[in-house]
Structures are given as C-alpha cells and as structure tokens.
$ cat target33.pdb   # PDB, C-alpha atoms
ATOM      1  CA  MET A   1       7.316  38.775  -4.850  1.00  0.00           C
ATOM      2  CA  LEU A   2       7.923  35.920  -2.468  1.00  0.00           C
ATOM      3  CA  SER A   3      11.222  34.662  -1.159  1.00  0.00           C
ATOM      4  CA  LYS A   4      12.515  31.236  -2.188  1.00  0.00           C
ATOM      5  CA  SER A   5      11.798  29.959   1.314  1.00  0.00           C
ATOM      6  CA  GLU A   6       8.205  31.225   1.222  1.00  0.00           C
ATOM      7  CA  GLU A   7       7.653  29.527  -2.119  1.00  0.00           C
ATOM      8  CA  ASP A   8       9.115  26.286  -0.771  1.00  0.00           C
ATOM      9  CA  TYR A   9       6.626  26.351   2.107  1.00  0.00           C
ATOM     10  CA  LEU A  10       3.647  26.996  -0.159  1.00  0.00           C
ATOM     11  CA  LYS A  11       4.673  24.162  -2.467  1.00  0.00           C
ATOM     12  CA  SER A  12       5.189  21.770   0.445  1.00  0.00           C
ATOM     13  CA  ILE A  13       1.771  22.526   1.939  1.00  0.00           C
ATOM     14  CA  PHE A  14       0.175  22.110  -1.498  1.00  0.00           C
ATOM     15  CA  LEU A  15       1.775  18.691  -2.032  1.00  0.00           C
ATOM     16  CA  LEU A  16       0.924  17.559   1.492  1.00  0.00           C
ATOM     17  CA  GLU A  17      -2.698  18.615   0.980  1.00  0.00           C
ATOM     18  CA  LEU A  18      -2.921  16.482  -2.166  1.00  0.00           C
ATOM     19  CA  ASN A  19      -2.181  13.344  -0.140  1.00  0.00           C
ATOM     20  CA  SER A  20      -4.054  14.304   3.020  1.00  0.00           C
ATOM     21  CA  THR A  21      -7.443  13.090   4.219  1.00  0.00           C
ATOM     22  CA  THR A  22      -7.749  16.069   6.591  1.00  0.00           C
ATOM     23  CA  LYS A  23      -8.499  19.720   5.856  1.00  0.00           C
ATOM     24  CA  THR A  24      -5.402  21.021   7.618  1.00  0.00           C
ATOM     25  CA  ILE A  25      -1.720  20.080   7.613  1.00  0.00           C
ATOM     26  CA  SER A  26       0.193  19.909  10.891  1.00  0.00           C
ATOM     27  CA  THR A  27       3.352  21.935  11.407  1.00  0.00           C
ATOM     28  CA  ASN A  28       5.171  18.697  12.258  1.00  0.00           C
ATOM     29  CA  LEU A  29       4.376  17.251   8.826  1.00  0.00           C
ATOM     30  CA  ILE A  30       5.683  20.383   7.148  1.00  0.00           C
ATOM     31  CA  ALA A  31       8.795  20.319   9.335  1.00  0.00           C
ATOM     32  CA  ASP A  32       9.459  16.673   8.380  1.00  0.00           C
ATOM     33  CA  ARG A  33       9.071  17.432   4.684  1.00  0.00           C
ATOM     34  CA  LEU A  34      11.348  20.479   4.774  1.00  0.00           C
ATOM     35  CA  GLN A  35      13.721  18.953   7.339  1.00  0.00           C
ATOM     36  CA  THR A  36      13.482  21.883   9.699  1.00  0.00           C
ATOM     37  CA  LYS A  37      12.225  22.629  13.215  1.00  0.00           C
ATOM     38  CA  ALA A  38       8.513  22.887  14.000  1.00  0.00           C
ATOM     39  CA  SER A  39       9.161  26.289  15.610  1.00  0.00           C
ATOM     40  CA  SER A  40      10.655  27.559  12.344  1.00  0.00           C
ATOM     41  CA  VAL A  41       7.582  26.295  10.483  1.00  0.00           C
ATOM     42  CA  THR A  42       5.281  28.170  12.865  1.00  0.00           C
ATOM     43  CA  ASP A  43       7.228  31.405  12.320  1.00  0.00           C
ATOM     44  CA  MET A  44       6.984  31.071   8.533  1.00  0.00           C
ATOM     45  CA  ILE A  45       3.295  30.146   8.653  1.00  0.00           C
ATOM     46  CA  LYS A  46       2.587  33.347  10.584  1.00  0.00           C
ATOM     47  CA  LYS A  47       4.373  35.359   7.873  1.00  0.00           C
ATOM     48  CA  LEU A  48       2.391  33.654   5.141  1.00  0.00           C
ATOM     49  CA  GLN A  49      -0.811  34.226   7.075  1.00  0.00           C
ATOM     50  CA  LEU A  50      -0.104  37.966   7.179  1.00  0.00           C
ATOM     51  CA  LYS A  51       0.143  37.830   3.378  1.00  0.00           C
ATOM     52  CA  LYS A  52      -3.211  35.975   3.305  1.00  0.00           C
ATOM     53  CA  LEU A  53      -1.665  32.939   1.608  1.00  0.00           C
ATOM     54  CA  VAL A  54      -2.521  30.415   4.334  1.00  0.00           C
ATOM     55  CA  ILE A  55      -5.170  29.865   6.969  1.00  0.00           C
ATOM     56  CA  TYR A  56      -3.637  28.869  10.291  1.00  0.00           C
ATOM     57  CA  THR A  57      -5.354  27.675  13.450  1.00  0.00           C
ATOM     58  CA  LYS A  58      -3.165  27.103  16.480  1.00  0.00           C
ATOM     59  CA  TYR A  59      -2.986  23.429  17.552  1.00  0.00           C
ATOM     60  CA  LYS A  60      -5.017  22.390  14.482  1.00  0.00           C
ATOM     61  CA  GLY A  61      -2.787  23.142  11.524  1.00  0.00           C
ATOM     62  CA  VAL A  62      -2.641  25.106   8.312  1.00  0.00           C
ATOM     63  CA  SER A  63      -4.315  25.114   4.899  1.00  0.00           C
ATOM     64  CA  LEU A  64      -3.738  27.202   1.794  1.00  0.00           C
ATOM     65  CA  SER A  65      -5.994  30.132   1.033  1.00  0.00           C
ATOM     66  CA  LYS A  66      -7.395  30.446  -2.483  1.00  0.00           C
ATOM     67  CA  SER A  67      -4.603  32.820  -3.512  1.00  0.00           C
ATOM     68  CA  GLY A  68      -1.998  30.662  -1.767  1.00  0.00           C
ATOM     69  CA  ARG A  69      -3.184  27.559  -3.613  1.00  0.00           C
ATOM     70  CA  ILE A  70      -2.965  29.332  -6.988  1.00  0.00           C
ATOM     71  CA  LEU A  71       0.595  30.460  -6.241  1.00  0.00           C
ATOM     72  CA  ALA A  72       1.600  27.009  -4.993  1.00  0.00           C
ATOM     73  CA  ALA A  73       0.149  25.315  -8.083  1.00  0.00           C
ATOM     74  CA  THR A  74       2.147  27.730 -10.252  1.00  0.00           C
ATOM     75  CA  ILE A  75       5.370  26.742  -8.486  1.00  0.00           C
ATOM     76  CA  VAL A  76       4.563  23.039  -8.916  1.00  0.00           C
ATOM     77  CA  ARG A  77       3.754  23.693 -12.584  1.00  0.00           C
ATOM     78  CA  LYS A  78       7.133  25.324 -13.148  1.00  0.00           C
ATOM     79  CA  HIS A  79       8.977  22.538 -11.347  1.00  0.00           C
ATOM     80  CA  ARG A  80       7.330  19.763 -13.344  1.00  0.00           C
ATOM     81  CA  LEU A  81       7.656  21.567 -16.676  1.00  0.00           C
ATOM     82  CA  TRP A  82      11.387  22.060 -16.070  1.00  0.00           C
ATOM     83  CA  GLU A  83      11.776  18.375 -15.165  1.00  0.00           C
ATOM     84  CA  THR A  84      10.012  17.458 -18.401  1.00  0.00           C
ATOM     85  CA  PHE A  85      12.248  19.794 -20.406  1.00  0.00           C
ATOM     86  CA  LEU A  86      15.427  18.449 -18.824  1.00  0.00           C
ATOM     87  CA  VAL A  87      14.517  14.820 -19.533  1.00  0.00           C
ATOM     88  CA  SER A  88      12.833  15.122 -22.937  1.00  0.00           C
ATOM     89  CA  LYS A  89      14.987  17.849 -24.529  1.00  0.00           C
ATOM     90  CA  LEU A  90      18.337  17.756 -22.726  1.00  0.00           C
ATOM     91  CA  ASN A  91      18.408  13.986 -22.093  1.00  0.00           C
ATOM     92  CA  PHE A  92      18.992  14.211 -18.355  1.00  0.00           C
ATOM     93  CA  PRO A  93      18.332  10.967 -16.468  1.00  0.00           C
ATOM     94  CA  TRP A  94      15.102  11.166 -14.471  1.00  0.00           C
ATOM     95  CA  ASP A  95      17.009  10.705 -11.207  1.00  0.00           C
ATOM     96  CA  GLU A  96      19.012  13.931 -11.730  1.00  0.00           C
ATOM     97  CA  VAL A  97      16.336  16.472 -12.601  1.00  0.00           C
ATOM     98  CA  HIS A  98      14.592  17.073  -9.274  1.00  0.00           C
ATOM     99  CA  GLU A  99      17.389  19.098  -7.687  1.00  0.00           C
ATOM    100  CA  ILE A 100      17.888  21.200 -10.838  1.00  0.00           C
ATOM    101  CA  ALA A 101      14.154  21.871 -11.123  1.00  0.00           C
ATOM    102  CA  GLU A 102      14.166  22.945  -7.466  1.00  0.00           C
ATOM    103  CA  GLN A 103      16.348  25.863  -8.558  1.00  0.00           C
ATOM    104  CA  LEU A 104      14.536  26.644 -11.814  1.00  0.00           C
ATOM    105  CA  GLU A 105      11.061  26.671 -10.248  1.00  0.00           C
ATOM    106  CA  HIS A 106      11.773  30.054  -8.654  1.00  0.00           C
ATOM    107  CA  ILE A 107      12.143  31.880 -11.994  1.00  0.00           C
ATOM    108  CA  GLN A 108       9.451  34.553 -11.973  1.00  0.00           C
ATOM    109  CA  SER A 109       8.772  35.052 -15.706  1.00  0.00           C
ATOM    110  CA  ASP A 110       5.255  33.855 -16.561  1.00  0.00           C
ATOM    111  CA  LYS A 111       5.987  34.483 -20.225  1.00  0.00           C
ATOM    112  CA  LEU A 112       8.974  32.123 -20.126  1.00  0.00           C
ATOM    113  CA  ILE A 113       6.949  29.354 -18.449  1.00  0.00           C
ATOM    114  CA  ASP A 114       4.066  29.737 -20.902  1.00  0.00           C
ATOM    115  CA  LYS A 115       6.516  29.483 -23.807  1.00  0.00           C
ATOM    116  CA  LEU A 116       8.155  26.458 -22.184  1.00  0.00           C
ATOM    117  CA  ASP A 117       4.737  24.796 -21.862  1.00  0.00           C
ATOM    118  CA  TYR A 118       4.018  25.525 -25.551  1.00  0.00           C
ATOM    119  CA  PHE A 119       7.475  24.294 -26.606  1.00  0.00           C
ATOM    120  CA  LEU A 120       6.864  21.000 -24.803  1.00  0.00           C
ATOM    121  CA  ASP A 121       3.408  20.705 -26.447  1.00  0.00           C
ATOM    122  CA  PHE A 122       1.503  21.151 -23.175  1.00  0.00           C
ATOM    123  CA  PRO A 123       2.511  17.954 -21.351  1.00  0.00           C
ATOM    124  CA  LYS A 124       0.013  16.513 -18.877  1.00  0.00           C
ATOM    125  CA  GLN A 125       2.564  14.774 -16.647  1.00  0.00           C
ATOM    126  CA  ASP A 126       6.230  15.042 -15.731  1.00  0.00           C
ATOM    127  CA  PRO A 127       8.866  12.273 -16.175  1.00  0.00           C
ATOM    128  CA  HIS A 128       7.865  10.760 -12.812  1.00  0.00           C
ATOM    129  CA  GLY A 129       4.203  10.524 -13.803  1.00  0.00           C
ATOM    130  CA  GLU A 130       3.096  13.477 -11.672  1.00  0.00           C
ATOM    131  CA  PRO A 131       0.298  15.617 -13.198  1.00  0.00           C
ATOM    132  CA  ILE A 132       1.298  19.119 -14.307  1.00  0.00           C
ATOM    133  CA  PRO A 133      -1.081  21.950 -13.317  1.00  0.00           C
ATOM    134  CA  ASP A 134      -2.214  24.158 -16.191  1.00  0.00           C
ATOM    135  CA  LYS A 135      -1.652  27.930 -16.183  1.00  0.00           C
ATOM    136  CA  ASN A 136      -4.898  28.368 -14.210  1.00  0.00           C
ATOM    137  CA  GLY A 137      -3.693  26.022 -11.484  1.00  0.00           C
ATOM    138  CA  LYS A 138      -6.022  23.185 -12.443  1.00  0.00           C
ATOM    139  CA  MET A 139      -4.596  19.687 -12.274  1.00  0.00           C
ATOM    140  CA  ARG A 140      -6.164  16.450 -13.454  1.00  0.00           C
ATOM    141  CA  LYS A 141      -6.778  13.735 -10.914  1.00  0.00           C
ATOM    142  CA  GLN A 142      -5.186  10.352 -11.413  1.00  0.00           C
ATOM    143  CA  ASN A 143      -7.288   7.238 -10.935  1.00  0.00           C
ATOM    144  CA  SER A 144      -4.458   5.305  -9.394  1.00  0.00           C
ATOM    145  CA  ILE A 145      -3.655   3.072  -6.446  1.00  0.00           C
ATOM    146  CA  LEU A 146      -0.409   2.040  -4.815  1.00  0.00           C
ATOM    147  CA  LEU A 147       1.090  -1.242  -5.954  1.00  0.00           C
ATOM    148  CA  SER A 148       0.808  -2.424  -2.349  1.00  0.00           C
ATOM    149  CA  ASN A 149      -2.991  -2.402  -2.822  1.00  0.00           C
ATOM    150  CA  ALA A 150      -3.027  -4.268  -6.155  1.00  0.00           C
ATOM    151  CA  HIS A 151      -5.016  -7.441  -6.817  1.00  0.00           C
ATOM    152  CA  ILE A 152      -3.455 -10.756  -7.768  1.00  0.00           C
ATOM    153  CA  ASN A 153      -3.651 -11.826 -11.437  1.00  0.00           C
ATOM    154  CA  LYS A 154      -4.597  -8.352 -12.662  1.00  0.00           C
ATOM    155  CA  LYS A 155      -2.696  -6.394 -15.290  1.00  0.00           C
ATOM    156  CA  TYR A 156      -1.513  -2.880 -14.407  1.00  0.00           C
ATOM    157  CA  SER A 157       0.779  -0.147 -15.688  1.00  0.00           C
ATOM    158  CA  ILE A 158       2.975   2.183 -13.648  1.00  0.00           C
ATOM    159  CA  CYS A 159       1.593   5.721 -13.775  1.00  0.00           C
ATOM    160  CA  GLY A 160       3.495   7.557 -11.051  1.00  0.00           C
ATOM    161  CA  ILE A 161       6.347   7.570  -8.566  1.00  0.00           C
ATOM    162  CA  LYS A 162       5.614   8.620  -4.997  1.00  0.00           C
ATOM    163  CA  ASN A 163       9.278   8.769  -3.999  1.00  0.00           C
ATOM    164  CA  SER A 164      11.378  10.811  -6.433  1.00  0.00           C
ATOM    165  CA  GLU A 165      14.653  10.429  -4.513  1.00  0.00           C
ATOM    166  CA  ALA A 166      17.571   9.643  -6.815  1.00  0.00           C
ATOM    167  CA  SER A 167      18.387   6.347  -5.076  1.00  0.00           C
ATOM    168  CA  PHE A 168      14.863   5.022  -5.626  1.00  0.00           C
ATOM    169  CA  LEU A 169      14.788   6.091  -9.285  1.00  0.00           C
ATOM    170  CA  GLN A 170      18.178   4.483  -9.823  1.00  0.00           C
ATOM    171  CA  TYR A 171      16.799   1.261  -8.313  1.00  0.00           C
ATOM    172  CA  MET A 172      13.854   1.458 -10.722  1.00  0.00           C
ATOM    173  CA  ASP A 173      16.306   1.760 -13.614  1.00  0.00           C
ATOM    174  CA  SER A 174      18.273  -1.231 -12.345  1.00  0.00           C
ATOM    175  CA  ILE A 175      15.206  -3.489 -12.610  1.00  0.00           C
ATOM    176  CA  ASP A 176      13.979  -1.802 -15.815  1.00  0.00           C
ATOM    177  CA  LEU A 177      10.705  -0.447 -14.397  1.00  0.00           C
ATOM    178  CA  LYS A 178       9.527   2.845 -15.893  1.00  0.00           C
ATOM    179  CA  ILE A 179       6.443   4.994 -16.238  1.00  0.00           C
ATOM    180  CA  ASN A 180       3.942   3.086 -18.456  1.00  0.00           C
ATOM    181  CA  SER A 181       5.642  -0.296 -17.844  1.00  0.00           C
ATOM    182  CA  VAL A 182       2.931  -2.979 -18.071  1.00  0.00           C
ATOM    183  CA  PHE A 183       2.959  -6.008 -15.776  1.00  0.00           C
ATOM    184  CA  THR A 184       0.775  -8.584 -14.057  1.00  0.00           C
ATOM    185  CA  VAL A 185       0.682  -9.035 -10.288  1.00  0.00           C
ATOM    186  CA  SER A 186       1.413 -12.737  -9.882  1.00  0.00           C
ATOM    187  CA  ASN A 187       1.716 -13.190  -6.111  1.00  0.00           C
ATOM    188  CA  ARG A 188       1.698 -11.499  -2.714  1.00  0.00           C
ATOM    189  CA  ILE A 189       3.821 -12.771   0.176  1.00  0.00           C
ATOM    190  CA  ASP A 190       1.890 -12.388   3.437  1.00  0.00           C
ATOM    191  CA  PHE A 191       5.005 -12.669   5.603  1.00  0.00           C
ATOM    192  CA  ASP A 192       6.519  -9.349   4.488  1.00  0.00           C
ATOM    193  CA  ASP A 193       3.794  -7.907   2.182  1.00  0.00           C
ATOM    194  CA  SER A 194       6.145  -8.084  -0.788  1.00  0.00           C
ATOM    195  CA  VAL A 195       4.625  -8.481  -4.253  1.00  0.00           C
ATOM    196  CA  SER A 196       5.746 -10.534  -7.238  1.00  0.00           C
ATOM    197  CA  ILE A 197       5.080  -9.155 -10.713  1.00  0.00           C
ATOM    198  CA  THR A 198       5.529 -10.668 -14.150  1.00  0.00           C
ATOM    199  CA  ILE A 199       6.963  -8.355 -16.784  1.00  0.00           C
ATOM    200  CA  HIS A 200       8.670  -9.172 -20.097  1.00  0.00           C
ATOM    201  CA  ASN A 201       8.159 -12.889 -19.272  1.00  0.00           C
ATOM    202  CA  SER A 202      10.257 -12.516 -16.126  1.00  0.00           C
ATOM    203  CA  ASP A 203       9.263 -12.509 -12.453  1.00  0.00           C
ATOM    204  CA  ILE A 204      10.414  -9.737 -10.123  1.00  0.00           C
ATOM    205  CA  ASN A 205       9.848  -9.623  -6.369  1.00  0.00           C
ATOM    206  CA  LEU A 206       9.272  -6.129  -4.989  1.00  0.00           C
ATOM    207  CA  SER A 207       9.499  -5.201  -1.314  1.00  0.00           C
ATOM    208  CA  LYS A 208       6.662  -3.459   0.532  1.00  0.00           C
ATOM    209  CA  LYS A 209       8.727  -0.243   0.554  1.00  0.00           C
ATOM    210  CA  VAL A 210       8.917  -0.306  -3.243  1.00  0.00           C
ATOM    211  CA  CYS A 211       5.219  -1.154  -3.578  1.00  0.00           C
ATOM    212  CA  ASP A 212       4.303   1.741  -1.273  1.00  0.00           C
ATOM    213  CA  ASN A 213       6.061   4.146  -3.639  1.00  0.00           C
ATOM    214  CA  LEU A 214       4.633   3.092  -7.010  1.00  0.00           C
ATOM    215  CA  TYR A 215       1.318   4.391  -8.325  1.00  0.00           C
ATOM    216  CA  ILE A 216      -0.391   2.049 -10.768  1.00  0.00           C
ATOM    217  CA  LYS A 217      -3.589   1.913 -12.825  1.00  0.00           C
ATOM    218  CA  THR A 218      -5.519  -0.911 -14.429  1.00  0.00           C
ATOM    219  CA  HIS A 219      -4.250  -1.655 -17.913  1.00  0.00           C
TER
END

$ encode --input "target33.pdb" --output "structure tokens"
Amino acid sequence: MLSKSEEDYLKSIFLLELNSTTKTISTNLIADRLQTKASSVTDMIKKLQLKKLVIYTKYKGVSLSKSGRILAATIVRKHRLWETFLVSKLNFPWDEVHEIAEQLEHIQSDKLIDKLDYFLDFPKQDPHGEPIPDKNGKMRKQNSILLSNAHINKKYSICGIKNSEASFLQYMDSIDLKINSVFTVSNRIDFDDSVSITIHNSDINLSKKVCDNLYIKTH
C-alpha cells in the first residue's frame, strides 16, 4: 500500500517521462509539476527508492523502476477511466473531471477498476484524447504533433489536449474545438507564431500558446 502522496509522485514521474527526451527526470521538473520544493521532492524520491520503485542518481535525476512504472501506469489508468466515466455516463463537462478523478484514482480495488473498464467497453482514450493504459500497463503511442508544428494547407484533426486545466478547456468550448474536430491550417503568422485554421467554413486565429497545447494528426 502506498500513500496518496507516493502515488502522486509516481504518476508525475511517469507522465514527465512520456514527454522527456532524456532517461532521467530532474527533481526541479517534478517540483514544478507538483508545486512543491525541490528538497521535498528529494526526500520523497529517497523513500520511493527504498521501496525499489525509482532509480535515483544524485545530480542526475530519477527514473521509474520496472515495478514503479507498472504501478504508475495503473494510477494513470484509473484516473483516465474515471474521467471517461464521469463525462460519458454522468455527463460532467470535460473541464470539471480532472480534479474529481484525482481523488478517485487512489481507490485500491483492482476488481472495481476492471469492472469499470468493462462497463465503459474498454476505451482507448479519455475525454481529453489521452491514451488509457490497459490492465498490464501497456499504452498505445499516438502518432501526433503539436498544432504549432503543423503544415499550411493540410487537413488535421485534434487528437489530444496537452493542457487539461479547466480554463483552457473552457476556452476550447468557447470556440467550439473538441477532440476529433477536423480543420485545415490556412495560415501561419510569423510575427507571433499564431496559426489560422478553417473549420465549419469559418476562420479562427489561434495563439502560439493554444497551438503548443493541442495535439493533432493528419486527417
């Protein structure tokens, strides 16, 4: 049994590893993600290392052990299944489910989560387009790029949201952009790296910050 805090650390390292080009994650990156002090991160990492859930090298960073990665993937699986349940079965808006799923992800019953997965017909992604690990911790890779790297005059669809903060999701709702929305990149403004897209016969200009938080794939 792990504490809620220990599970939060494992999940954070797991998610940081997914987007990292290096083999180890710095304590500063973990501290930024969890909004805590680097010294507190170091203390927790040492505890997790004693439980053989992470591999830590001073001044270099930390990575998950095999057992730590399996546990972390399980926590991510629970979180994303609960988000899917809340949106698809209880009609929660997608901008409200993250905080609730943060609480539900710490439920320890494997039987409950397996039944939830079955009830939802084994979804492959959550409401934000994030892939859901299976019960063995395996997770499909997405062939996606950020909208900021898109090519002009190509057609794409939105397949994921990098920033799941409520304010960003509410902004997405306000301009009627959703997972699977199909659009064409019509222009890029060099001055501020904003991008214009054409969707539903209308043009929308999106800032670089928005483009850096939308995963897309060729349609």

$ atom_distance --input "target33.pdb" --atom1 "atom CA of A:Ile132" --atom2 "atom CA of A:Arg77"
5.5 Å

$ resolve_selection --input "target33.pdb" --expression "the PyMOL selection byres ((chain A and resi 215) around 8)" --output "list in words"
Ser144, Ile145, Leu146, Leu147, Ile158, Cys159, Gly160, Ile161, Lys162, Asn213, Leu214, Ile216 and Lys217 of chain A

$ write_last_selection --input "target33.pdb" --atoms "C-alpha atoms" --output "mmCIF file, keeping the file's coordinate frame"
data_model
loop_
_atom_site.group_PDB
_atom_site.id
_atom_site.type_symbol
_atom_site.label_atom_id
_atom_site.label_comp_id
_atom_site.auth_asym_id
_atom_site.auth_seq_id
_atom_site.Cartn_x
_atom_site.Cartn_y
_atom_site.Cartn_z
ATOM 1 C CA SER A 144 -4.458 5.305 -9.394
ATOM 2 C CA ILE A 145 -3.655 3.072 -6.446
ATOM 3 C CA LEU A 146 -0.409 2.040 -4.815
ATOM 4 C CA LEU A 147 1.090 -1.242 -5.954
ATOM 5 C CA ILE A 158 2.975 2.183 -13.648
ATOM 6 C CA CYS A 159 1.593 5.721 -13.775
ATOM 7 C CA GLY A 160 3.495 7.557 -11.051
ATOM 8 C CA ILE A 161 6.347 7.570 -8.566
ATOM 9 C CA LYS A 162 5.614 8.620 -4.997
ATOM 10 C CA ASN A 213 6.061 4.146 -3.639
ATOM 11 C CA LEU A 214 4.633 3.092 -7.010
ATOM 12 C CA ILE A 216 -0.391 2.049 -10.768
ATOM 13 C CA LYS A 217 -3.589 1.913 -12.825
#

$ resolve_selection --input "target33.pdb" --expression "the PyMOL selection byres ((chain A and resi 29) around 12)" --output "PDB file with C-alpha atoms, keeping the file's coordinate frame"
ATOM      1  CA  TYR A   9       6.626  26.351   2.107  1.00  0.00           C
ATOM      2  CA  SER A  12       5.189  21.770   0.445  1.00  0.00           C
ATOM      3  CA  ILE A  13       1.771  22.526   1.939  1.00  0.00           C
ATOM      4  CA  LEU A  15       1.775  18.691  -2.032  1.00  0.00           C
ATOM      5  CA  LEU A  16       0.924  17.559   1.492  1.00  0.00           C
ATOM      6  CA  GLU A  17      -2.698  18.615   0.980  1.00  0.00           C
ATOM      7  CA  ASN A  19      -2.181  13.344  -0.140  1.00  0.00           C
ATOM      8  CA  SER A  20      -4.054  14.304   3.020  1.00  0.00           C
ATOM      9  CA  THR A  24      -5.402  21.021   7.618  1.00  0.00           C
ATOM     10  CA  ILE A  25      -1.720  20.080   7.613  1.00  0.00           C
ATOM     11  CA  SER A  26       0.193  19.909  10.891  1.00  0.00           C
ATOM     12  CA  THR A  27       3.352  21.935  11.407  1.00  0.00           C
ATOM     13  CA  ASN A  28       5.171  18.697  12.258  1.00  0.00           C
ATOM     14  CA  ILE A  30       5.683  20.383   7.148  1.00  0.00           C
ATOM     15  CA  ALA A  31       8.795  20.319   9.335  1.00  0.00           C
ATOM     16  CA  ASP A  32       9.459  16.673   8.380  1.00  0.00           C
ATOM     17  CA  ARG A  33       9.071  17.432   4.684  1.00  0.00           C
ATOM     18  CA  LEU A  34      11.348  20.479   4.774  1.00  0.00           C
ATOM     19  CA  GLN A  35      13.721  18.953   7.339  1.00  0.00           C
ATOM     20  CA  THR A  36      13.482  21.883   9.699  1.00  0.00           C
ATOM     21  CA  LYS A  37      12.225  22.629  13.215  1.00  0.00           C
ATOM     22  CA  ALA A  38       8.513  22.887  14.000  1.00  0.00           C
ATOM     23  CA  VAL A  41       7.582  26.295  10.483  1.00  0.00           C
ATOM     24  CA  THR A  42       5.281  28.170  12.865  1.00  0.00           C
ATOM     25  CA  GLY A  61      -2.787  23.142  11.524  1.00  0.00           C
ATOM     26  CA  VAL A  62      -2.641  25.106   8.312  1.00  0.00           C
TER      27      VAL A  62
END

$ resolve_selection --input "target33.pdb" --expression "the PyMOL selection byres ((chain A and resi 150) around 10)" --output "CSV table (one decimal) with C-alpha atoms, keeping the file's coordinate frame"
chain,number,residue,atom,x,y,z
A,145,ILE,CA,-3.7,3.1,-6.4
A,146,LEU,CA,-0.4,2.0,-4.8
A,147,LEU,CA,1.1,-1.2,-6.0
A,148,SER,CA,0.8,-2.4,-2.3
A,149,ASN,CA,-3.0,-2.4,-2.8
A,151,HIS,CA,-5.0,-7.4,-6.8
A,152,ILE,CA,-3.5,-10.8,-7.8
A,153,ASN,CA,-3.7,-11.8,-11.4
A,154,LYS,CA,-4.6,-8.4,-12.7
A,155,LYS,CA,-2.7,-6.4,-15.3
A,156,TYR,CA,-1.5,-2.9,-14.4
A,184,THR,CA,0.8,-8.6,-14.1
A,185,VAL,CA,0.7,-9.0,-10.3
A,188,ARG,CA,1.7,-11.5,-2.7
A,195,VAL,CA,4.6,-8.5,-4.3
A,211,CYS,CA,5.2,-1.2,-3.6
A,215,TYR,CA,1.3,4.4,-8.3
A,216,ILE,CA,-0.4,2.0,-10.8
A,217,LYS,CA,-3.6,1.9,-12.8
A,218,THR,CA,-5.5,-0.9,-14.4

$ closest_residue --input "target33.pdb" --among "A:Lys124, A:Lys4, A:Lys209, A:Lys135" --to "A:His106" --atoms "all atoms listed in the file"
A:Lys4

$ atom_distance --input "target33.pdb" --atom1 "atom CA of A:Val97" --atom2 "atom CA of A:Leu71"
22.0 Å

$ atom_distance --input "target33.pdb" --atom1 "atom CA of A:Ile70" --atom2 "atom CA of A:Asn136"
7.5 Å

$ closest_residue --input "target33.pdb" --among "A:Val87, A:Ile107, A:Leu2, A:Leu206" --to "A:Lys51" --atoms "all atoms listed in the file"
A:Leu2

$ closest_residue --input "target33.pdb" --among "A:Leu10, A:Leu18, A:Ile199, A:Val76" --to "A:Lys52" --atoms "all atoms listed in the file"
A:Leu10

$ residues_around --input "target33.pdb" --residues "stretch 200-202 of chain A" --least-positions-apart "5" --cutoff "10 Å" --atoms "all atoms listed in the file" --output "list in words"
Ser181, Val182, Phe183 and Thr184 of chain A

$ write_last_selection --input "target33.pdb" --atoms "C-alpha atoms" --output "tab-separated table (two decimals), keeping the file's coordinate frame"
chain	number	residue	atom	x	y	z
A	181	SER	CA	5.64	-0.30	-17.84
A	182	VAL	CA	2.93	-2.98	-18.07
A	183	PHE	CA	2.96	-6.01	-15.78
A	184	THR	CA	0.78	-8.58	-14.06

$ closest_residue --input "target33.pdb" --among "A:Asp95, A:Asp126, A:Asp8, A:Asp121" --to "A:Arg80" --atoms "all atoms listed in the file"
A:Asp126

$ closest_residue --input "target33.pdb" --among "A:Thr74, A:Gln125, A:Ser194, A:Gln103" --to "A:Gly137" --atoms "all atoms listed in the file"
A:Thr74

$ closest_residue --input "target33.pdb" --among "A:Asn187, A:Gln108, A:Ser157, A:Asn143" --to "A:Glu7" --atoms "all atoms listed in the file"
A:Gln108

$ residues_around --input "target33.pdb" --residues "A:Lys115" --least-positions-apart "4" --cutoff "12 Å" --atoms "only C-alpha atoms" --output "tab-separated table (two decimals) with C-alpha atoms, in the coordinates of the input"
chain	number	residue	atom	x	y	z
A	78	LYS	CA	7.13	25.32	-13.15
A	81	LEU	CA	7.66	21.57	-16.68
A	82	TRP	CA	11.39	22.06	-16.07
A	85	PHE	CA	12.25	19.79	-20.41
A	109	SER	CA	8.77	35.05	-15.71
A	110	ASP	CA	5.26	33.85	-16.56
A	111	LYS	CA	5.99	34.48	-20.23
A	119	PHE	CA	7.48	24.29	-26.61
A	120	LEU	CA	6.86	21.00	-24.80
A	121	ASP	CA	3.41	20.70	-26.45
A	122	PHE	CA	1.50	21.15	-23.18
A	135	LYS	CA	-1.65	27.93	-16.18

$ residues_around --input "target33.pdb" --residues "A:Phe14" --least-positions-apart "6" --cutoff "8 Å" --atoms "only C-alpha atoms" --output "VMD selection string"
chain A and resid 64 69 72 to 73

$ write_last_selection --input "target33.pdb" --atoms "C-alpha atoms" --output "short mmCIF file (atom, residue, chain, number, x, y, z; two decimals), keeping the file's coordinate frame"
data_model
loop_
_atom_site.label_atom_id
_atom_site.label_comp_id
_atom_site.auth_asym_id
_atom_site.auth_seq_id
_atom_site.Cartn_x
_atom_site.Cartn_y
_atom_site.Cartn_z
CA LEU A 64 -3.74 27.20 1.79
CA ARG A 69 -3.18 27.56 -3.61
CA ALA A 72 1.60 27.01 -4.99
CA ALA A 73 0.15 25.32 -8.08
#
